[in-house]
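Listing of query.cif, mmCIF, C-alpha atoms and all ligand atoms
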```
data_input
loop_
_atom_site.label_atom_id
_atom_site.label_comp_id
_atom_site.auth_asym_id
_atom_site.auth_seq_id
_atom_site.Cartn_x
_atom_site.Cartn_y
_atom_site.Cartn_z
CA MET A 1 91.47 118.66 102.99
CA ASN A 2 91.93 119.99 99.52
CA VAL A 3 95.42 118.73 98.69
CA ARG A 4 96.74 116.90 95.66
CA TYR A 5 98.01 113.43 96.33
CA ALA A 6 100.91 112.09 94.35
CA ARG A 7 101.23 108.57 95.77
CA CYS A 8 99.47 106.42 98.35
CA GLN A 9 101.10 103.38 99.90
CA GLY A 10 100.24 101.31 102.95
CA ALA A 11 98.87 103.70 105.56
CA GLU A 12 100.49 106.78 104.03
CA LEU A 13 99.34 109.36 101.51
CA ILE A 14 102.05 111.52 99.96
CA THR A 15 101.05 114.89 98.58
CA GLU A 16 102.47 116.56 95.49
CA ASP A 17 104.39 118.98 97.68
CA GLY A 18 105.95 116.12 99.62
CA ARG A 19 103.82 116.09 102.80
CA ARG A 20 103.15 112.69 104.32
CA ILE A 21 99.59 112.18 105.56
CA LEU A 22 98.79 109.30 107.85
CA ASP A 23 95.49 107.69 106.87
CA PHE A 24 93.33 106.78 109.88
CA LEU A 25 90.10 106.62 107.89
CA SER A 26 90.95 104.04 105.20
CA GLY A 27 88.30 105.46 102.86
CA TYR A 28 85.68 104.35 105.45
CA CYS A 29 87.18 100.86 105.75
CA VAL A 30 88.09 100.26 102.12
CA HIS A 31 91.87 100.06 102.48
CA ASN A 32 92.22 97.15 104.89
CA ALA A 33 95.11 95.74 102.85
CA GLY A 34 96.77 99.17 102.66
CA HIS A 35 96.78 101.59 99.76
CA ASN A 36 97.92 100.15 96.45
CA HIS A 37 99.19 96.89 97.86
CA PRO A 38 101.75 95.67 95.27
CA ASP A 39 100.27 92.16 95.13
CA ILE A 40 96.77 93.46 94.42
CA VAL A 41 98.05 95.97 91.87
CA ALA A 42 100.01 93.17 90.16
CA ALA A 43 96.95 90.90 90.11
CA VAL A 44 94.79 93.59 88.51
CA LYS A 45 97.50 94.36 85.95
CA SER A 46 97.91 90.71 85.05
CA GLU A 47 94.15 90.35 84.64
CA LEU A 48 94.21 93.20 82.13
CA ASP A 49 97.23 91.74 80.37
CA ARG A 50 95.70 88.32 79.86
CA ASN A 51 92.95 89.69 77.59
CA GLY A 52 90.56 87.16 79.04
CA PRO A 53 86.78 87.03 78.77
CA GLY A 54 85.08 89.85 80.63
CA MET A 55 81.42 90.65 81.06
CA LEU A 56 80.27 88.33 78.30
CA GLN A 57 77.17 87.65 80.40
CA SER A 58 76.96 84.30 78.66
CA HIS A 59 79.77 82.14 79.99
CA VAL A 60 80.84 80.64 83.28
CA PRO A 61 83.17 83.13 84.97
CA GLU A 62 85.32 80.63 86.90
CA MET A 63 86.97 83.21 89.09
CA ALA A 64 83.58 84.22 90.49
CA GLY A 65 83.11 80.60 91.53
CA THR A 66 86.51 80.51 93.21
CA LEU A 67 85.87 83.79 95.00
CA ALA A 68 82.40 82.64 96.11
CA GLN A 69 83.96 79.48 97.55
CA GLU A 70 86.71 81.43 99.33
CA LEU A 71 84.27 83.92 100.83
CA CYS A 72 81.77 81.31 102.00
CA ARG A 73 84.54 79.19 103.53
CA ARG A 74 85.82 82.17 105.50
CA ALA A 75 82.36 83.36 106.50
CA GLY A 76 81.33 79.86 107.66
CA GLY A 77 77.97 78.76 109.02
CA ARG A 78 75.31 78.06 106.44
CA LEU A 79 76.54 80.67 103.98
CA ALA A 80 77.03 78.71 100.78
CA LYS A 81 76.28 80.99 97.85
CA ALA A 82 77.57 84.40 96.77
CA LEU A 83 76.00 86.97 94.52
CA PHE A 84 78.44 89.60 93.26
CA CYS A 85 77.76 93.28 92.73
CA SER A 86 79.65 96.55 92.72
CA SER A 87 78.84 98.32 95.98
CA GLY A 88 77.59 97.89 99.51
CA SER A 89 74.26 99.51 98.70
CA GLU A 90 73.72 97.12 95.82
CA GLY A 91 74.39 94.20 98.15
CA VAL A 92 71.83 95.53 100.63
CA GLU A 93 69.29 95.98 97.83
CA ALA A 94 69.80 92.36 96.82
CA ALA A 95 69.41 91.23 100.44
CA ILE A 96 66.06 93.03 100.62
CA LYS A 97 64.80 91.37 97.44
CA PHE A 98 66.06 87.91 98.36
CA ALA A 99 64.61 88.12 101.87
CA ARG A 100 61.24 89.08 100.45
CA ALA A 101 61.32 86.30 97.87
CA HIS A 102 62.33 83.70 100.45
CA THR A 103 59.90 84.62 103.21
CA ARG A 104 57.08 85.95 101.01
CA ARG A 105 56.84 88.84 103.45
CA ASN A 106 57.44 92.49 102.62
CA ALA A 107 58.21 94.30 105.86
CA LEU A 108 61.78 95.08 106.88
CA LEU A 109 63.34 95.86 110.23
CA SER A 110 66.58 97.69 110.97
CA ALA A 111 68.24 99.57 113.81
CA ASP A 112 68.29 103.25 114.72
CA GLY A 113 71.53 104.93 113.73
CA ALA A 114 72.33 102.37 111.05
CA PHE A 115 74.03 103.16 107.77
CA HIS A 116 73.23 100.78 104.93
CA GLY A 117 73.77 102.86 101.77
CA LEU A 118 72.04 105.54 99.78
CA THR A 119 70.09 103.71 97.09
CA CYS A 120 66.35 103.78 97.73
CA GLY A 121 65.96 100.37 99.38
CA ALA A 122 69.10 100.64 101.52
CA LEU A 123 68.20 104.22 102.41
CA SER A 124 64.75 103.13 103.55
CA LEU A 125 66.48 101.05 106.24
CA MET A 126 68.11 104.15 107.71
CA SER A 127 66.25 105.98 110.45
CA ASP A 128 67.94 109.39 110.22
CA PRO A 129 65.78 111.59 107.94
CA PHE A 130 68.85 113.66 107.04
CA TRP A 131 69.70 111.09 104.37
CA SER A 132 66.24 110.59 102.87
CA GLU A 133 64.79 114.10 102.99
CA GLY A 134 63.90 115.42 99.56
CA PHE A 135 64.14 112.07 97.83
CA GLY A 136 60.49 111.15 97.84
CA PRO A 137 58.77 108.23 99.51
CA MET A 138 60.98 105.47 100.78
CA LEU A 139 59.99 101.78 100.86
CA ALA A 140 56.78 101.18 102.74
CA ASP A 141 56.70 98.70 105.62
CA VAL A 142 60.04 99.51 107.22
CA GLU A 143 60.43 99.81 110.98
CA HIS A 144 63.44 100.74 113.11
CA VAL A 145 64.28 99.47 116.58
CA PRO A 146 66.87 100.86 119.00
CA PHE A 147 70.23 99.14 118.39
CA GLY A 148 70.86 96.69 121.21
CA ASP A 149 67.28 96.62 122.52
CA LEU A 150 66.01 93.05 122.53
CA GLU A 151 62.63 93.82 124.04
CA GLY A 152 61.72 96.25 121.27
CA LEU A 153 63.01 93.78 118.74
CA ALA A 154 60.92 90.92 120.14
CA ALA A 155 57.82 93.13 120.12
CA GLN A 156 58.29 93.97 116.44
CA LEU A 157 59.31 90.48 115.29
CA SER A 158 56.41 88.81 117.06
CA SER A 159 54.08 90.37 114.50
CA ARG A 160 55.58 87.79 112.08
CA ARG A 161 55.42 90.27 109.25
CA PHE A 162 59.12 91.00 108.75
CA ALA A 163 61.09 89.43 105.93
CA ALA A 164 64.44 90.50 107.34
CA LEU A 165 66.18 92.13 110.24
CA VAL A 166 69.14 94.03 108.80
CA LEU A 167 71.89 94.94 111.27
CA GLU A 168 75.50 96.02 111.32
CA PRO A 169 77.22 93.85 113.96
CA ILE A 170 79.02 97.00 115.11
CA GLN A 171 77.52 100.26 113.93
CA GLY A 172 80.12 102.25 112.02
CA GLU A 173 78.53 105.54 111.04
CA GLY A 174 76.25 105.31 114.09
CA GLY A 175 79.30 106.00 116.27
CA ILE A 176 81.32 102.75 116.54
CA ARG A 177 78.53 101.29 118.65
CA ILE A 178 79.38 97.86 120.00
CA PRO A 179 76.39 95.85 121.23
CA GLU A 180 76.29 93.70 124.35
CA PRO A 181 78.06 90.41 123.61
CA SER A 182 74.79 88.43 123.63
CA TYR A 183 72.78 90.86 121.48
CA LEU A 184 73.32 89.37 118.03
CA LYS A 185 72.86 85.81 119.19
CA SER A 186 69.60 86.69 120.94
CA ALA A 187 68.47 88.67 117.90
CA GLN A 188 69.16 85.61 115.78
CA GLU A 189 67.08 83.41 118.10
CA LEU A 190 64.20 85.87 117.93
CA CYS A 191 64.46 86.00 114.14
CA ARG A 192 64.27 82.22 113.94
CA ARG A 193 61.35 82.06 116.32
CA TYR A 194 59.33 84.48 114.23
CA GLY A 195 60.40 83.46 110.73
CA THR A 196 62.52 86.54 109.93
CA LEU A 197 65.88 86.33 108.16
CA LEU A 198 68.92 87.83 109.86
CA VAL A 199 70.95 89.91 107.41
CA LEU A 200 74.28 91.24 108.66
CA ASP A 201 75.71 94.25 106.90
CA GLU A 202 79.46 93.70 107.21
CA VAL A 203 80.32 96.28 104.58
CA GLN A 204 82.54 98.15 107.05
CA THR A 205 83.19 95.47 109.64
CA GLY A 206 84.10 92.62 107.28
CA LEU A 207 87.46 91.47 105.90
CA HIS A 208 89.23 91.48 109.26
CA ARG A 209 88.50 95.11 110.09
CA THR A 210 87.69 94.10 113.68
CA GLY A 211 90.05 91.09 113.89
CA PRO A 212 88.24 87.98 112.60
CA PHE A 213 87.09 87.76 108.97
CA LEU A 214 83.62 88.94 109.99
CA ALA A 215 82.75 90.98 113.07
CA SER A 216 79.87 88.57 113.63
CA HIS A 217 82.52 85.88 114.35
CA HIS A 218 83.07 87.63 117.69
CA TYR A 219 79.52 86.74 118.57
CA ALA A 220 79.19 83.20 117.16
CA VAL A 221 76.07 84.01 115.16
CA ASP A 222 74.91 82.15 112.11
CA PRO A 223 73.30 84.78 109.84
CA ASP A 224 71.13 83.98 106.83
CA MET A 225 72.83 86.59 104.66
CA VAL A 226 75.95 88.75 104.91
CA VAL A 227 76.74 91.81 102.81
CA LEU A 228 80.38 92.57 101.98
CA ALA A 229 81.91 95.38 99.93
CA LYS A 230 84.44 98.15 100.62
CA ALA A 231 87.67 96.29 101.56
CA LEU A 232 86.76 93.38 99.26
CA SER A 233 87.91 95.54 96.34
CA GLY A 234 91.44 95.88 97.69
CA GLY A 235 90.82 99.59 97.33
CA LEU A 236 91.13 99.29 93.56
CA VAL A 237 88.10 97.82 91.78
CA PRO A 238 84.52 98.26 93.09
CA THR A 239 83.34 94.89 94.39
CA GLY A 240 80.48 93.78 96.60
CA ALA A 241 79.05 90.42 97.55
CA LEU A 242 75.92 89.07 99.16
CA LEU A 243 76.55 85.75 100.88
CA MET A 244 73.52 83.59 101.60
CA THR A 245 72.28 80.11 102.36
CA ASP A 246 71.47 77.59 99.65
CA ASP A 247 67.78 77.85 100.52
CA ILE A 248 67.59 81.59 100.03
CA TYR A 249 69.45 81.35 96.73
CA GLY A 250 67.08 78.61 95.66
CA SER A 251 64.05 80.72 96.49
CA VAL A 252 65.06 83.29 93.91
CA PHE A 253 66.73 81.21 91.21
CA ASN A 254 64.28 78.36 91.40
CA SER A 255 63.65 77.67 87.72
CA LEU A 256 65.23 78.23 84.34
CA LYS A 257 62.72 80.98 83.75
CA ARG A 258 63.82 82.83 86.89
CA SER A 259 67.55 82.26 86.44
CA ILE A 260 68.13 85.89 85.41
CA VAL A 261 65.66 87.66 87.70
CA HIS A 262 68.46 89.27 89.69
CA THR A 263 71.75 90.09 87.96
CA SER A 264 74.15 92.98 87.68
CA THR A 265 76.21 93.74 84.58
CA PHE A 266 79.49 94.34 86.40
CA GLY A 267 78.87 91.75 89.14
CA GLU A 268 81.29 89.00 88.23
CA ASN A 269 83.75 91.00 86.16
CA GLY A 270 87.28 89.65 86.01
CA LEU A 271 89.00 92.70 87.43
CA SER A 272 86.84 92.70 90.57
CA MET A 273 87.17 88.97 91.04
CA ARG A 274 90.98 89.08 90.64
CA ALA A 275 91.27 92.11 92.93
CA ALA A 276 89.14 90.42 95.59
CA LEU A 277 91.01 87.10 95.40
CA ALA A 278 94.33 88.95 95.63
CA THR A 279 92.99 90.94 98.60
CA LEU A 280 92.03 87.76 100.46
CA GLY A 281 95.53 86.42 99.73
CA VAL A 282 97.18 89.52 101.20
CA LEU A 283 94.93 89.53 104.27
CA ASP A 284 95.84 85.87 104.92
CA ARG A 285 99.57 85.96 104.12
CA GLU A 286 100.19 89.09 106.14
CA HIS A 287 98.01 87.90 109.04
CA LEU A 288 96.17 91.19 108.97
CA GLY A 289 93.30 89.83 111.09
CA GLU A 290 95.69 89.07 113.95
CA GLN A 291 97.41 92.40 113.37
CA SER A 292 94.06 94.20 113.50
CA ALA A 293 93.22 92.56 116.83
CA SER A 294 96.60 93.17 118.46
CA LEU A 295 97.30 96.67 117.16
CA GLY A 296 93.71 97.68 117.87
CA ALA A 297 94.27 96.86 121.53
CA VAL A 298 97.56 98.81 121.50
CA LEU A 299 95.83 101.80 119.88
CA ARG A 300 93.01 101.86 122.43
CA ASP A 301 95.38 101.46 125.40
CA ARG A 302 97.63 104.28 124.24
CA LEU A 303 94.74 106.56 123.34
CA ARG A 304 93.09 105.98 126.71
CA ALA A 305 96.34 106.73 128.52
CA ARG A 306 97.01 109.89 126.48
CA LEU A 307 93.47 111.26 126.57
CA SER A 308 92.50 110.45 130.14
CA GLY A 309 91.56 113.36 132.34
CA TYR A 310 90.24 115.61 129.57
CA GLU A 311 86.63 116.50 130.28
CA MET A 312 85.61 116.50 126.61
CA VAL A 313 86.84 112.97 125.96
CA LYS A 314 84.02 110.64 126.93
CA GLU A 315 85.22 107.26 125.74
CA VAL A 316 87.68 105.42 123.52
CA ARG A 317 86.14 102.21 122.20
CA GLY A 318 86.39 99.76 119.36
CA MET A 319 87.24 96.31 118.15
CA GLY A 320 90.34 95.52 116.16
CA LEU A 321 91.15 98.56 114.05
CA MET A 322 87.60 99.90 113.98
CA ASN A 323 87.71 102.47 116.75
CA GLY A 324 85.99 105.63 117.87
CA ILE A 325 86.86 108.48 120.20
CA GLU A 326 83.66 109.91 121.63
CA PHE A 327 83.64 113.53 122.70
CA ALA A 328 81.25 115.08 125.22
CA PRO A 329 80.06 118.67 125.58
CA PRO A 330 82.29 120.49 128.09
CA ARG A 331 81.13 121.35 131.59
CA ARG A 332 83.49 124.27 132.21
CA MET A 333 81.92 127.60 131.25
CA ALA A 334 84.99 128.83 129.34
CA LEU A 335 84.81 125.84 127.00
CA ARG A 336 81.03 125.71 126.90
CA LEU A 337 80.76 129.05 125.20
CA GLY A 338 82.89 128.01 122.24
CA PHE A 339 81.21 124.63 122.02
CA GLU A 340 77.70 126.07 122.05
CA SER A 341 78.61 128.66 119.38
CA PHE A 342 79.85 125.85 117.16
CA LYS A 343 76.69 123.91 117.74
CA ALA A 344 74.53 126.88 116.90
CA ILE A 345 76.27 127.13 113.52
CA HIS A 346 76.07 123.44 112.68
CA ALA A 347 75.81 120.25 114.76
CA GLY A 348 78.78 118.79 112.94
CA MET A 349 81.04 121.81 113.22
CA PHE A 350 82.94 120.85 116.35
CA GLY A 351 83.96 117.53 114.84
CA GLN A 352 85.03 119.12 111.57
CA ILE A 353 87.32 121.50 113.40
CA VAL A 354 88.94 118.53 115.16
CA VAL A 355 89.30 116.78 111.79
CA MET A 356 90.75 119.93 110.21
CA ARG A 357 93.25 120.41 113.04
CA LEU A 358 94.42 116.82 112.83
CA PHE A 359 94.86 117.10 109.09
CA ARG A 360 96.40 120.53 108.81
CA ASP A 361 98.57 120.63 111.91
CA HIS A 362 99.51 116.98 112.26
CA GLY A 363 99.13 115.34 108.86
CA VAL A 364 96.51 112.85 110.03
CA LEU A 365 93.42 112.06 107.95
CA THR A 366 90.25 110.87 109.65
CA GLN A 367 86.57 111.83 109.96
CA MET A 368 83.63 111.93 112.32
CA CYS A 369 81.00 109.20 112.05
CA GLY A 370 78.26 110.05 109.54
CA ASN A 371 75.38 109.55 111.97
CA ASN A 372 77.14 110.68 115.12
CA PHE A 373 79.09 113.91 114.91
CA MET A 374 80.63 113.45 118.36
CA VAL A 375 82.56 110.29 117.50
CA LEU A 376 85.87 110.49 115.65
CA LYS A 377 87.03 107.43 113.74
CA ALA A 378 90.37 105.75 114.23
CA ALA A 379 90.37 103.11 111.51
CA PRO A 380 93.73 102.93 109.74
CA PRO A 381 94.63 100.37 107.08
CA LEU A 382 95.37 97.06 108.83
CA VAL A 383 99.00 97.31 107.68
CA VAL A 384 99.57 100.27 110.03
CA ASP A 385 102.58 99.92 112.34
CA GLU A 386 103.17 100.83 115.98
CA ALA A 387 105.17 103.95 115.16
CA GLN A 388 102.25 105.23 113.07
CA ILE A 389 99.89 104.45 115.92
CA ASP A 390 102.10 106.53 118.22
CA THR A 391 102.05 109.40 115.71
CA PHE A 392 98.24 109.30 115.68
CA VAL A 393 98.01 109.14 119.49
CA GLU A 394 100.36 112.10 119.83
CA ALA A 395 98.39 114.09 117.24
CA MET A 396 95.14 113.34 119.08
CA GLY A 397 96.74 114.31 122.37
CA ALA A 398 97.91 117.63 120.95
CA VAL A 399 94.53 118.53 119.43
CA VAL A 400 92.62 117.52 122.57
CA GLU A 401 95.06 119.53 124.70
CA LEU A 402 94.54 122.54 122.43
CA MET A 403 90.73 122.37 122.62
CA HIS A 404 90.92 122.31 126.42
CA THR A 405 93.51 125.04 126.89
CA SER A 406 93.67 127.44 123.98
CA ALA A 407 91.15 130.12 123.08
CA SER A 408 92.55 130.04 119.54
CA PHE A 409 91.10 126.56 118.96
CA TRP A 410 87.64 128.05 119.34
CA THR A 411 88.08 131.57 117.93
CA GLU A 412 89.91 130.56 114.78
CA ALA A 413 87.38 127.83 114.26
CA ILE A 414 84.38 130.12 114.63
CA GLY A 415 85.66 132.23 111.73
CA LEU A 416 86.10 129.14 109.61
CA ALA A 417 82.72 127.79 110.62
CA ARG A 418 80.99 130.98 109.55
CA ARG A 419 82.68 130.87 106.16
CA VAL A 420 81.70 127.23 105.68
CA VAL A 421 78.06 127.89 106.53
CA ASN A 422 77.95 130.66 103.96
CA ILE A 423 79.04 128.30 101.18
C1 LIG B 501 77.67 99.57 106.87
C2 LIG B 501 77.52 100.06 105.47
N1 LIG B 501 76.66 99.44 104.65
C3 LIG B 501 76.50 99.83 103.37
C4 LIG B 501 77.19 100.91 102.88
C5 LIG B 501 76.98 101.34 101.46
O1 LIG B 501 78.09 100.99 100.70
P1 LIG B 501 78.37 101.71 99.31
O2 LIG B 501 78.76 103.11 99.60
O3 LIG B 501 79.48 100.89 98.71
O4 LIG B 501 77.13 101.62 98.50
C6 LIG B 501 78.09 101.59 103.70
C7 LIG B 501 78.83 102.77 103.18
O5 LIG B 501 79.48 103.49 103.86
C8 LIG B 501 78.26 101.16 105.03
O6 LIG B 501 79.08 101.78 105.85
#
```

Represent the structure of the file as structure tokens.
Amino acid sequence: MNVRYARCQGAELITEDGRRILDFLSGYCVHNAGHNHPDIVAAVKSELDRNGPGMLQSHVPEMAGTLAQELCRRAGGRLAKALFCSSGSEGVEAAIKFARAHTRRNALLSADGAFHGLTCGALSLMSDPFWSEGFGPMLADVEHVPFGDLEGLAAQLSSRRFAALVLEPIQGEGGIRIPEPSYLKSAQELCRRYGTLLVLDEVQTGLHRTGPFLASHHYAVDPDMVVLAKALSGGLVPTGALLMTDDIYGSVFNSLKRSIVHTSTFGENGLSMRAALATLGVLDREHLGEQSASLGAVLRDRLRARLSGYEMVKEVRGMGLMNGIEFAPPRRMALRLGFESFKAIHAGMFGQIVVMRLFRDHGVLTQMCGNNFMVLKAAPPLVVDEAQIDTFVEAMGAVVELMHTSASFWTEAIGLARRVVNI
């Protein structure tokens, strides 16, 4: 993966030596509008050129108001206020604090396999110890329930001690896990019954990644808070936002004295606000939500057709252009040997060899999910076209064919794997 990039545009990355790499990762769902979209670049440049007020921390940054309005209008429901920050983790941290302030409870609930960010509070919501090991005690009073399990959820919530249930509507790093259609709505009902706020982490799924503006729009839920980041920046300026109801906002900023109890220096900076407003404009004008929905269906159909019949391909699934290809351990002895040797070296090794093959042999960039090493992501910028989808499908087909038929896929990879483990 160690190449020098000269230029990135749309869904393509061009290396210094002239190779074209097709991006099917989008920086983990940052580049929804495509790399360096000219309208977003122009907006950022013009913001710099205007020499306007920036980070004075003592004026009314109008653009933040406009962006808040635009985001809340698109998100809908009772979401009426926005708090700006610079990353997804920071948005999750704010959600934790605001939920605690509003409910006057401390405990937090999240789902197994979730990814919410690597700052201490967000990290505490993640069940996989891989991420937290060595970093000292996490937040107390955090519980995890299996994603999609309403019974377990009801049992926990009925204790009435949880400030918030934090969920990704579709788990990204967990393996592109799509819940039953009624899950989120039922979770919301349970939250309301037991006085817990429903916080949806749409850091990956938001901004039309799965079709509609928010993935939760598929499920007609009405969350109390929504976290956005990643694609909100247009891929250019770090930007995050926590959307919330008036009541929650009022619970924190409820007096002049408390009006600065939660702020962030870079939160409402002009470059981020301009980049985000320009990004929303591009997503709307180019109908990238519709494109995500329709091309996502094309991608899944073509992948399923190309990959059917291979024993190591378990499932192709997704929504819009957030898709995963799940692999399964092989049954045939000839393949099992290679697979088990990989696993013995490192649980993630098989996936990294697939990723390396796609990149090196076919000029396709993607990755395995961070909490599920058997699921490969297929999440291109939403500006991807059908020809690029066909290139990806063909590349996948070739790599999957190779892993099922060629000893070299496994032998060459074992050598590489050993070298990697020694680093
Ligand atoms: C669902 C989700 N939430 C939160 C985060 C954290 O975002 P950031 O890396 O911007 O802090 C991520 C990052 O990958 C994410 O995927």

Let me have all residues with an atom within 10 Å of ligand LIG 501 (chain B), counting only C-alpha atoms and all ligand atoms, laid out as a PyMOL selection string.
-> chain A and resi 27-30+85-93+114-119+122-123+167-174+200-206+227-231+238-240+369-370

Give the answer as one residue: which of A:Gln9, A:Ser159, A:Thr66, A:Ser341 has the shortest atom-to-atom distance to Glu268 of chain A, using all atoms listed in the file?
->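 Going through A:Gln9, A:Ser159, A:Thr66, A:Ser341 one by one, the smallest distance to Glu268 of chain A is for A:Thr66.
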
Per residue of segment 200-281 of chain A within 6 Å of segment 289-295 of chain A, record the nearest atom pair and its distance in Å to one decimal, counting all atoms listed in the file, with rows in chain order and ascending residue number, as CSV.
```
residue,atom,partner,partner_atom,distance
A:His208,CA,A:Gly289,CA,4.8
A:Gly211,CA,A:Gly289,CA,4.5
A:Pro212,CA,A:Gly289,CA,5.6
```

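Compared by their closest atoms to Lys314 of chain A, and using all atoms listed in the file, the residues A:Met374, A:Gly415, A:Pro61, A:His217 rank with A:Met374 nearest.
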
Report the centre and edge lengths, in Å to one decimal, of an axis-aligned box enclosing every atom of segment 304-323 of chain A listed in the file, padded by 4 Å on each side, as JSON.
```
{"center_x": 90.5, "center_y": 106.0, "center_z": 123.2, "size_x": 21.0, "size_y": 29.0, "size_z": 26.4}
```

In Å, with one decimal, what is the gap from atom CA of Phe135 of chain A to atom CA of Thr103 of chain A?
-> 28.3 Å

Hey, can you check how far atom CA of Val384 of chain A sits from atom CA of Gly10 of chain A?
->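 Distance between the two atoms: 7.2 Å.
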
Surrounding residues of Gly148 of chain A excluding itself and chain neighbours under 4 positions, 10 Å, all atoms listed in the file, as an MDAnalysis selection string = chainID A and resid 111:112 152:153 177:184 187

I need segment 117-130 of chain A written out with C-alpha atoms, as a PDB file, in the first residue's frame; please produce it.
```pdb
ATOM      1  CA  GLY A 117     -13.941   6.132  18.233  1.00  0.00           C
ATOM      2  CA  LEU A 118     -10.764   5.916  20.225  1.00  0.00           C
ATOM      3  CA  THR A 119     -10.976   8.716  22.783  1.00  0.00           C
ATOM      4  CA  CYS A 120     -11.576   7.402  26.301  1.00  0.00           C
ATOM      5  CA  GLY A 121     -15.347   7.865  26.476  1.00  0.00           C
ATOM      6  CA  ALA A 122     -16.037   6.612  22.948  1.00  0.00           C
ATOM      7  CA  LEU A 123     -13.608   3.743  23.480  1.00  0.00           C
ATOM      8  CA  SER A 124     -15.428   2.732  26.650  1.00  0.00           C
ATOM      9  CA  LEU A 125     -18.485   2.040  24.484  1.00  0.00           C
ATOM     10  CA  MET A 126     -16.575  -0.534  22.441  1.00  0.00           C
ATOM     11  CA  SER A 127     -16.702  -4.130  23.592  1.00  0.00           C
ATOM     12  CA  ASP A 128     -13.591  -5.484  21.841  1.00  0.00           C
ATOM     13  CA  PRO A 129     -10.689  -5.286  24.341  1.00  0.00           C
ATOM     14  CA  PHE A 130      -8.224  -5.071  21.440  1.00  0.00           C
TER      15      PHE A 130
END
```
